[in-house]
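Asker: To be precise about what I am sending: the file is called entry_27.cif and holds mmCIF, C-alpha atoms and all ligand atoms.
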data_work
loop_
_atom_site.label_atom_id
_atom_site.label_comp_id
_atom_site.auth_asym_id
_atom_site.auth_seq_id
_atom_site.Cartn_x
_atom_site.Cartn_y
_atom_site.Cartn_z
CA MET A 1 112.83 282.67 66.90
CA LEU A 2 110.35 284.67 64.84
CA LEU A 3 112.36 287.83 65.37
CA LEU A 4 115.57 286.08 64.45
CA ASN A 5 113.97 284.85 61.25
CA LYS A 6 112.87 288.41 60.48
CA ILE A 7 116.36 289.75 60.98
CA LEU A 8 117.92 287.00 58.91
CA GLY A 9 115.30 287.63 56.23
CA PHE A 10 116.21 291.30 56.15
CA PHE A 11 119.85 290.61 55.43
CA SER A 12 119.47 287.64 53.13
CA HIS A 13 118.60 287.52 49.48
CA ASP A 14 115.55 285.35 49.05
CA MET A 15 116.15 283.05 46.14
CA GLY A 16 114.21 281.13 43.53
CA ILE A 17 115.85 278.04 42.10
CA ASP A 18 114.98 276.10 38.99
CA LEU A 19 116.91 272.97 39.81
CA GLY A 20 116.88 271.42 36.35
CA THR A 21 118.34 268.21 35.02
CA ALA A 22 120.25 270.19 32.39
CA ASN A 23 120.44 273.74 33.79
CA THR A 24 120.12 275.41 37.17
CA LEU A 25 118.81 278.97 37.23
CA VAL A 26 118.78 281.16 40.31
CA SER A 27 116.77 284.33 40.76
CA VAL A 28 116.98 286.77 43.63
CA ARG A 29 114.14 288.88 44.91
CA GLY A 30 114.34 292.26 43.21
CA ASP A 31 117.18 291.32 40.86
CA GLY A 32 115.63 288.70 38.58
CA ILE A 33 117.67 285.81 37.19
CA ILE A 34 121.28 286.19 38.24
CA LEU A 35 122.71 282.74 37.64
CA ASP A 36 122.19 280.32 34.75
CA GLU A 37 124.58 277.38 34.68
CA PRO A 38 124.56 273.77 33.51
CA SER A 39 123.79 271.34 36.36
CA VAL A 40 127.21 269.70 36.17
CA VAL A 41 129.84 269.21 38.86
CA ALA A 42 133.43 268.00 38.53
CA VAL A 43 134.42 265.58 41.28
CA LYS A 44 137.33 263.33 42.17
CA ARG A 45 136.56 260.09 40.35
CA GLY A 46 134.64 257.58 42.40
CA THR A 47 133.96 260.09 45.19
CA ASN A 48 131.60 262.97 45.71
CA LYS A 49 134.38 265.40 46.53
CA VAL A 50 133.95 268.52 44.44
CA LEU A 51 137.16 269.80 42.83
CA MET A 52 138.13 273.04 44.47
CA ASN A 53 139.75 274.95 41.64
CA GLY A 54 136.88 277.29 40.80
CA GLN A 55 136.12 275.33 37.63
CA ALA A 56 134.27 272.61 39.41
CA VAL A 57 130.66 273.60 38.85
CA GLY A 58 128.52 274.83 35.95
CA SER A 59 129.67 275.65 32.42
CA ALA A 60 133.33 274.86 33.06
CA ALA A 61 132.35 271.47 34.41
CA LYS A 62 129.99 270.84 31.48
CA ALA A 63 132.84 271.46 29.04
CA MET A 64 134.62 268.55 30.75
CA LEU A 65 131.77 266.06 30.18
CA GLY A 66 133.19 263.00 28.46
CA LYS A 67 136.66 264.57 28.31
CA THR A 68 138.00 264.11 31.83
CA PRO A 69 141.32 262.44 32.61
CA ASP A 70 141.48 259.48 34.96
CA GLY A 71 141.34 261.21 38.31
CA ILE A 72 138.40 263.50 37.53
CA GLU A 73 134.80 262.93 36.64
CA ALA A 74 132.16 265.41 35.45
CA VAL A 75 128.82 264.42 36.94
CA ARG A 76 125.24 265.47 36.34
CA PRO A 77 123.72 264.97 39.80
CA LEU A 78 120.14 265.14 38.55
CA LYS A 79 118.66 262.52 36.30
CA SER A 80 115.16 262.55 34.85
CA GLY A 81 114.36 265.75 36.68
CA VAL A 82 115.15 264.41 40.15
CA ILE A 83 118.16 264.14 42.39
CA ALA A 84 120.20 261.07 41.51
CA ASP A 85 123.21 261.97 43.65
CA PHE A 86 122.27 263.58 46.90
CA ASP A 87 125.71 264.75 48.09
CA ILE A 88 126.76 266.23 44.78
CA THR A 89 123.45 268.06 44.37
CA GLU A 90 123.92 269.51 47.81
CA ALA A 91 127.47 270.60 46.97
CA MET A 92 126.20 272.20 43.76
CA LEU A 93 123.40 274.05 45.55
CA ALA A 94 125.78 275.22 48.24
CA TYR A 95 128.17 276.49 45.55
CA PHE A 96 125.41 278.42 43.76
CA ILE A 97 123.99 279.86 46.98
CA ARG A 98 127.47 281.01 48.04
CA LYS A 99 128.14 282.47 44.61
CA VAL A 100 124.90 284.43 44.75
CA HIS A 101 125.64 285.69 48.22
CA LYS A 102 129.17 286.66 47.26
CA ARG A 103 130.65 284.88 50.20
CA ARG A 104 128.48 286.58 52.77
CA TRP A 105 128.69 283.68 55.15
CA GLY A 106 126.07 283.17 57.73
CA VAL A 107 123.31 284.53 55.54
CA ARG A 108 120.50 282.05 55.28
CA PRO A 109 117.98 282.86 52.57
CA ARG A 110 114.43 281.72 52.07
CA VAL A 111 114.35 279.59 48.96
CA VAL A 112 111.63 278.69 46.47
CA ILE A 113 112.55 275.58 44.49
CA ALA A 114 110.74 274.36 41.39
CA VAL A 115 110.26 270.59 41.30
CA PRO A 116 108.65 268.20 38.79
CA SER A 117 104.92 267.68 39.31
CA GLY A 118 105.42 263.92 39.48
CA ILE A 119 107.99 264.12 42.31
CA THR A 120 107.66 261.41 44.95
CA THR A 121 107.69 262.08 48.70
CA VAL A 122 111.15 260.59 49.00
CA GLU A 123 112.46 262.73 46.16
CA LYS A 124 110.85 265.80 47.73
CA GLN A 125 112.57 265.02 50.97
CA ALA A 126 115.88 264.84 49.12
CA VAL A 127 115.36 268.31 47.65
CA TYR A 128 114.49 269.69 51.09
CA SER A 129 117.49 268.19 52.80
CA SER A 130 119.87 269.32 50.06
CA ALA A 131 118.62 272.89 50.24
CA GLU A 132 118.56 272.88 54.02
CA ARG A 133 122.08 271.60 54.34
CA ALA A 134 123.20 274.00 51.61
CA GLY A 135 122.12 276.84 53.90
CA ALA A 136 118.49 277.66 53.20
CA ARG A 137 116.47 278.99 56.14
CA LYS A 138 113.01 278.23 54.81
CA ILE A 139 112.22 276.16 51.77
CA TYR A 140 109.15 276.28 49.58
CA LEU A 141 108.57 273.84 46.78
CA ILE A 142 106.60 274.86 43.73
CA LYS A 143 105.55 272.51 40.98
CA GLU A 144 107.42 273.23 37.77
CA PRO A 145 104.44 273.57 35.42
CA ARG A 146 102.89 276.15 37.70
CA ALA A 147 106.11 278.13 37.81
CA ALA A 148 106.45 277.75 34.03
CA GLY A 149 102.90 278.98 33.48
CA ILE A 150 103.43 282.03 35.66
CA GLY A 151 106.81 282.70 34.06
CA ALA A 152 105.32 282.45 30.58
CA GLY A 153 102.72 285.05 31.57
CA LEU A 154 99.71 282.73 31.35
CA PRO A 155 96.55 283.67 33.28
CA VAL A 156 96.95 280.68 35.61
CA GLU A 157 94.91 282.31 38.37
CA GLU A 158 91.86 282.85 36.20
CA PRO A 159 88.93 280.43 36.04
CA GLN A 160 90.04 279.33 32.59
CA ALA A 161 92.35 276.65 31.27
CA SER A 162 96.07 277.32 30.77
CA MET A 163 98.10 274.48 29.32
CA VAL A 164 101.86 274.16 29.55
CA VAL A 165 104.18 271.65 27.89
CA ASP A 166 107.67 272.00 29.39
CA ILE A 167 110.23 269.88 27.55
CA GLY A 168 113.37 270.02 29.70
CA GLY A 169 116.49 267.87 29.79
CA GLY A 170 115.22 264.99 31.89
CA THR A 171 111.47 265.48 32.07
CA THR A 172 108.58 266.72 30.02
CA GLU A 173 105.91 268.28 32.20
CA ILE A 174 102.45 268.61 30.76
CA ALA A 175 99.79 270.37 32.79
CA VAL A 176 96.40 272.00 32.51
CA MET A 177 95.83 274.65 35.17
CA SER A 178 92.93 276.78 36.33
CA LEU A 179 92.39 279.04 39.36
CA ALA A 180 96.09 278.83 40.26
CA ASP A 181 95.94 275.10 40.64
CA ILE A 182 96.94 272.13 38.53
CA VAL A 183 93.87 270.29 37.27
CA VAL A 184 95.52 267.56 35.22
CA ALA A 185 99.25 266.93 34.97
CA LYS A 186 101.61 264.31 33.77
CA SER A 187 105.35 264.24 34.15
CA LEU A 188 107.18 262.11 31.60
CA ARG A 189 110.79 261.07 31.90
CA VAL A 190 111.40 261.60 28.22
CA ALA A 191 112.88 264.94 27.13
CA GLY A 192 116.06 266.53 25.72
CA ASP A 193 118.37 263.87 27.16
CA SER A 194 116.30 261.18 25.43
CA PHE A 195 116.66 263.09 22.17
CA ASP A 196 120.46 263.09 22.59
CA GLU A 197 120.43 259.40 23.42
CA ALA A 198 118.35 258.62 20.32
CA ILE A 199 120.85 260.56 18.18
CA ARG A 200 123.79 258.65 19.70
CA ASN A 201 122.09 255.33 19.01
CA HIS A 202 121.35 256.35 15.46
CA LEU A 203 124.99 257.33 14.80
CA LYS A 204 126.12 254.01 16.22
CA ASN A 205 123.67 251.89 14.26
CA ALA A 206 123.57 253.73 10.96
CA HIS A 207 127.12 255.14 10.77
CA ASN A 208 129.10 252.82 13.01
CA LEU A 209 130.23 255.90 14.92
CA HIS A 210 130.46 256.42 18.69
CA ILE A 211 129.75 260.02 19.70
CA GLY A 212 129.64 261.69 23.10
CA GLU A 213 126.73 263.42 24.85
CA GLN A 214 127.91 266.88 23.95
CA THR A 215 128.27 266.04 20.25
CA ALA A 216 124.78 264.54 20.21
CA GLU A 217 123.37 267.69 21.80
CA ARG A 218 125.17 269.84 19.24
CA ILE A 219 123.67 267.81 16.37
CA LYS A 220 120.24 268.25 17.92
CA THR A 221 120.52 272.00 18.36
CA THR A 222 122.06 272.68 14.92
CA ILE A 223 120.23 270.41 12.47
CA GLY A 224 117.63 268.73 14.70
CA SER A 225 113.95 269.15 13.90
CA ALA A 226 110.54 267.66 14.57
CA PHE A 227 108.89 268.75 11.34
CA GLU A 228 110.04 268.91 7.72
CA LEU A 229 112.36 271.83 7.10
CA ASP A 230 112.00 274.14 4.12
CA GLU A 231 115.56 273.34 3.29
CA GLU A 232 117.00 270.17 4.74
CA GLU A 233 120.50 270.46 6.20
CA SER A 234 123.57 268.35 6.85
CA LEU A 235 126.45 268.39 9.28
CA GLU A 236 129.89 266.83 9.60
CA VAL A 237 130.11 264.84 12.83
CA LYS A 238 133.27 263.53 14.47
CA GLY A 239 133.58 260.55 16.74
CA GLN A 240 135.12 257.13 17.10
CA ASP A 241 134.68 254.22 14.73
CA VAL A 242 132.80 251.47 16.56
CA THR A 243 134.73 248.65 14.91
CA VAL A 244 138.31 249.86 14.61
CA GLY A 245 138.25 252.38 17.45
CA LEU A 246 139.89 255.15 15.43
CA PRO A 247 138.71 258.77 15.13
CA ARG A 248 136.62 259.43 12.05
CA SER A 249 133.95 261.77 10.76
CA CYS A 250 130.79 261.36 8.75
CA ILE A 251 128.00 263.49 7.31
CA VAL A 252 124.52 263.35 8.84
CA THR A 253 121.36 264.92 7.43
CA SER A 254 118.46 266.65 9.13
CA GLN A 255 116.08 264.03 7.69
CA GLU A 256 117.81 261.12 9.39
CA ILE A 257 118.07 263.01 12.70
CA ARG A 258 114.35 263.77 12.53
CA GLU A 259 113.71 260.08 11.95
CA ALA A 260 115.92 259.23 14.96
CA LEU A 261 113.92 261.65 17.13
CA ARG A 262 110.58 260.28 16.02
CA HIS A 263 110.29 257.73 18.81
CA PRO A 264 110.92 259.94 21.89
CA ILE A 265 108.83 262.72 20.35
CA SER A 266 105.92 260.36 19.74
CA GLU A 267 105.96 259.47 23.44
CA ILE A 268 105.60 263.16 24.28
CA LEU A 269 102.74 263.51 21.78
CA ARG A 270 101.00 260.50 23.26
CA THR A 271 101.21 261.97 26.75
CA ILE A 272 99.88 265.33 25.57
CA ARG A 273 96.87 263.51 24.15
CA GLU A 274 96.44 261.61 27.41
CA VAL A 275 96.38 264.84 29.43
CA LEU A 276 93.87 266.36 26.99
CA GLU A 277 91.62 263.32 27.32
CA ARG A 278 91.64 263.65 31.11
CA THR A 279 90.85 267.38 31.01
CA PRO A 280 87.27 268.27 32.11
CA PRO A 281 85.11 269.41 29.16
CA GLU A 282 84.72 273.07 30.21
CA LEU A 283 88.46 273.48 30.37
CA SER A 284 88.92 271.48 27.18
CA GLY A 285 86.66 273.98 25.50
CA ASP A 286 88.89 276.88 26.62
CA LEU A 287 91.90 275.20 25.07
CA VAL A 288 90.39 275.26 21.58
CA ASP A 289 91.16 278.99 21.50
CA THR A 290 94.04 279.46 23.93
CA GLY A 291 95.91 276.31 22.93
CA LEU A 292 99.06 275.27 24.73
CA THR A 293 102.32 277.01 25.55
CA LEU A 294 105.65 275.31 24.98
CA CYS A 295 108.61 275.97 27.24
CA GLY A 296 111.84 274.34 28.38
CA GLY A 297 114.84 273.94 26.08
CA GLY A 298 113.04 271.29 24.06
CA ALA A 299 110.61 273.95 22.83
CA LEU A 300 113.55 275.23 20.76
CA LEU A 301 113.68 272.06 18.68
CA ARG A 302 112.68 273.34 15.26
CA GLY A 303 109.16 272.47 14.17
CA ILE A 304 108.07 270.98 17.48
CA ASP A 305 105.25 273.56 17.73
CA ARG A 306 104.06 272.74 14.22
CA LEU A 307 104.10 268.99 14.86
CA ILE A 308 102.11 269.39 18.09
CA GLU A 309 99.58 271.62 16.33
CA GLU A 310 99.17 269.08 13.60
CA GLU A 311 98.79 266.16 16.03
CA THR A 312 96.42 267.82 18.52
CA GLY A 313 94.59 270.38 16.41
CA LEU A 314 95.35 272.99 19.10
CA PRO A 315 97.36 276.16 18.58
CA ALA A 316 100.87 275.75 20.07
CA THR A 317 102.80 278.85 21.10
CA ILE A 318 106.47 278.85 22.05
CA ALA A 319 107.03 280.93 25.20
CA ASP A 320 109.12 284.08 24.74
CA ASP A 321 112.16 282.72 26.51
CA PRO A 322 111.48 279.01 26.94
CA LEU A 323 114.68 278.25 28.88
CA THR A 324 113.92 280.77 31.64
CA CYS A 325 110.13 280.42 32.15
CA VAL A 326 110.40 278.33 35.30
CA ALA A 327 113.05 280.60 36.85
CA THR A 328 111.02 283.69 35.98
CA GLY A 329 108.03 281.99 37.59
CA THR A 330 109.95 281.32 40.81
CA ALA A 331 111.13 284.96 40.80
CA LEU A 332 107.53 286.18 40.50
CA PHE A 333 106.61 283.87 43.35
CA LEU A 334 109.32 285.47 45.47
CA GLU A 335 108.04 288.95 44.70
CA ASN A 336 104.57 287.87 45.81
CA LEU A 337 105.53 285.43 48.53
CA ASP A 338 102.92 286.83 50.91
CA ARG A 339 100.13 286.42 48.41
CA TYR A 340 101.22 282.99 47.32
CA SER A 341 102.43 281.65 50.63
CA ALA A 342 99.13 279.89 51.35
CA ILE A 343 99.57 277.66 48.33
CA LEU A 344 103.29 277.27 48.96
CA GLU A 345 102.88 276.50 52.63
CA ALA A 346 100.49 273.71 51.71
CA GLU A 347 103.08 272.21 49.43
CA GLU A 348 105.72 272.58 52.08
CA ASP A 349 103.69 270.73 54.68
CA GLU A 350 103.05 267.97 52.20
CA GLY A 351 106.78 267.68 51.62
CA HIS A 352 107.66 267.53 55.28
CA SER A 353 105.24 264.77 56.09
N1 LIG L 1 117.93 274.88 20.22
C1 LIG L 1 117.62 273.75 20.85
N2 LIG L 1 117.01 272.74 20.19
C2 LIG L 1 116.70 271.60 20.82
N3 LIG L 1 116.94 271.36 22.12
C3 LIG L 1 117.54 272.33 22.83
C4 LIG L 1 117.91 273.58 22.25
N4 LIG L 1 118.50 274.34 23.20
C5 LIG L 1 118.50 273.60 24.33
N5 LIG L 1 117.93 272.40 24.12
C6 LIG L 1 117.78 271.29 25.07
O1 LIG L 1 116.98 271.68 26.15
C7 LIG L 1 117.31 270.88 27.29
C8 LIG L 1 117.51 271.76 28.49
O2 LIG L 1 116.33 272.44 28.73
P1 LIG L 1 115.99 273.03 30.17
O3 LIG L 1 117.08 273.91 30.64
O4 LIG L 1 114.62 273.58 30.08
O5 LIG L 1 116.02 271.68 31.02
P2 LIG L 1 116.03 271.54 32.61
O6 LIG L 1 115.03 272.47 33.18
O7 LIG L 1 117.42 271.65 33.11
O8 LIG L 1 115.57 270.02 32.77
P3 LIG L 1 114.34 269.39 33.59
O9 LIG L 1 113.25 270.40 33.60
O10 LIG L 1 113.98 268.16 32.81
O11 LIG L 1 114.90 269.06 34.92
C9 LIG L 1 118.59 270.14 26.95
O12 LIG L 1 118.28 268.79 26.63
C10 LIG L 1 119.08 270.89 25.71
O13 LIG L 1 119.83 270.05 24.86
MG MG L 2 113.05 272.42 33.73
#
Please go through the file and, once you have read it, give me the structure as structure tokens.

Answerer:
Amino acid sequence: MLLLNKILGFFSHDMGIDLGTANTLVSVRGDGIILDEPSVVAVKRGTNKVLMNGQAVGSAAKAMLGKTPDGIEAVRPLKSGVIADFDITEAMLAYFIRKVHKRRWGVRPRVVIAVPSGITTVEKQAVYSSAERAGARKIYLIKEPRAAGIGAGLPVEEPQASMVVDIGGGTTEIAVMSLADIVVAKSLRVAGDSFDEAIRNHLKNAHNLHIGEQTAERIKTTIGSAFELDEEESLEVKGQDVTVGLPRSCIVTSQEIREALRHPISEILRTIREVLERTPPELSGDLVDTGLTLCGGGALLRGIDRLIEEETGLPATIADDPLTCVATGTALFLENLDRYSAILEAEEDEGHS
């Protein structure tokens, strides 16, 4: 069995997966990040049968969100950072693994998967089973903030505090780490999706306009902000009149979008403060100088760093490539699997209990 595993390992590409609510990134040992696709799958409506026309998964499927005809449905199988639809997640993973292996059937890679720090045992089990049935030979789970910290180049193994705030699609992960371990962490199910939702509600209440998820996300990424802009902006938005049901457009400003985002952002700020309050004093002291590092797509919301600095008094740095930190972290784990396996093994055993 051991020998067989060795042989399989020799032929397979070990993979790191950032299975995100919004985006799934796959890295391969030696090659870095080789796949970066939205976590969206097109299925036959009411079933979990993936459409088999080559446009069923990833960006092509995301473009269908909210625009599908009767027989088809575009689904996001992860919600709030965890698997909401088991079968579709498995189909998505299987698709990505196959794509990476370029149809080399029978190859069963070892896989490192990044999961939210607040994942429950049941949720962990779901990730394991999905990856197993999708073809993984050995599965290691790594907590997202740890992967993010490593990917962002923080000295997480040193006896000093490193703090990460990862604002993703479904979850915000806040963690203080030292000596390669998480000392204090909190995973909050408020992140980019909540921002989109807040924008949709605002359009409905203030402009009597229904807009879809994708439009809300576009508003957020073009004129969205968390802190006053030097020059405020505006944008024409198209949707459906709530009362008469007809298509219509309206103009929204960056000020009103900022106001709409105030509530979900304040929840994130409150949780950052909570984590800081629970941090032991020695590590707290370190943070005065090193501050915190922002990653995840939400770190790209304009002014979020400035707002956090103002609210916490700590320096906030946006990671170099906030959307890929976790995937880069899983890739570095793969490169150093032998060195890290002790930590990973421990997490694996936990998950299999
Ligand atoms: N420029 C931008 N401004 C604001 N938000 C952005 C920007 N670019 C991307 N985002 C948001 O970032 C989120 C996706 O980030 P990311 O890929 O880190 O999430 P994820 O890892 O898939 O989710 P999770 O970690 O919660 O499972 C989406 O909500 C997206 O709208
Ligand atoms: Mg993420």

Asker: Within 9 Å of ligand LIG 1 (chain L) (counting all atoms listed in the file), which residues show up? I'd like them as a PyMOL selection string.

Answerer: chain A and resi 18-25+38-39+78-82+115-116+144+166-173+189-196+214+216-218+220-225+295-302+322-326

Asker: Just the residues within 7 Å of segment 40-52 of chain A, please, counting all atoms listed in the file, with nothing from its chain fewer than 4 positions along; format it as number ranges by chain.

Answerer: A: 56-58, 61-62, 71-77, 87-88, 92

Asker: Can you pull out the residues contacting Val237 of chain A? Cut-off 8 Å, using only C-alpha atoms, and skip same-chain residues under 4 positions away; I want them as an mmCIF file with C-alpha atoms, in the frame of the given file.

Answerer:
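Final output, around36.cif:
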data_model
loop_
_atom_site.group_PDB
_atom_site.id
_atom_site.type_symbol
_atom_site.label_atom_id
_atom_site.label_comp_id
_atom_site.auth_asym_id
_atom_site.auth_seq_id
_atom_site.Cartn_x
_atom_site.Cartn_y
_atom_site.Cartn_z
ATOM 1 C CA THR A 215 128.270 266.040 20.250
ATOM 2 C CA ILE A 219 123.670 267.810 16.370
ATOM 3 C CA SER A 249 133.950 261.770 10.760
ATOM 4 C CA CYS A 250 130.790 261.360 8.750
ATOM 5 C CA ILE A 251 128.000 263.490 7.310
ATOM 6 C CA VAL A 252 124.520 263.350 8.840
#

Asker: Dig up all the protein and nucleic acid residues within 10 Å of (116.5, 259.8, 14.2) in the file frame, using all atoms listed in the file, and format them as a list of chain:residue names.

Answerer: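 Looking at atoms near the point gives A:Phe195, A:Asp196, A:Ala198, A:Ile199, A:Arg200, A:Asn201, A:His202, A:Leu203, A:Ala206, A:Lys220, A:Gly224, A:Ser225, A:Ala226, A:Thr253, A:Ser254, A:Gln255, A:Glu256, A:Ile257, A:Arg258, A:Glu259, A:Ala260, A:Leu261, A:Arg262, A:His263, A:Pro264.
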
Asker: Could you tell me how far atom CA of Gly30 of chain A lies from atom CA of Tyr128 of chain A, in Å and to one decimal?

Answerer: 23.9 Å

Asker: In terms of the shortest atom-to-atom distance over only C-alpha atoms and all ligand atoms, which of A:Glu157, A:Ser234, A:Lys143, A:Leu287 is closest to ligand MG 2 (chain L)?

Answerer: A:Lys143

Asker: Counting all atoms listed in the file, which of A:Ala316, A:Ile182, A:Ile113, A:Ile211 gets nearest to ligand MG 2 (chain L)?

Answerer: A:Ile113

Asker: Using only C-alpha atoms and all ligand atoms, which residue out of A:Thr293, A:Ser162, A:Ser284, A:Ser117 lies closest to ligand MG 2 (chain L)?

Answerer: A:Ser117

Asker: Quick one: residues within 8 Å of Glu335 of chain A, only C-alpha atoms counted, chain neighbours fewer than 2 positions away excluded, as a list in words?

Answerer: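 Once the adjacent positions are removed, what remains is Arg29, Gly30, Ala331, Leu332, Phe333 and Leu337 of chain A.
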
Asker: Taking all atoms listed in the file into account, which of A:Ile304, A:Ile150, A:Val28, A:Val111 comes nearest Glu228 of chain A?

Answerer: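 Result for the nearest residue to Glu228 of chain A: A:Ile304.
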
Asker: Between A:Pro145, A:Pro315, A:Pro109, A:Pro159, which is the closest to ligand MG 2 (chain L) once you count only C-alpha atoms and all ligand atoms?

Answerer: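 Smallest distance to ligand MG 2 (chain L) is found for A:Pro145.
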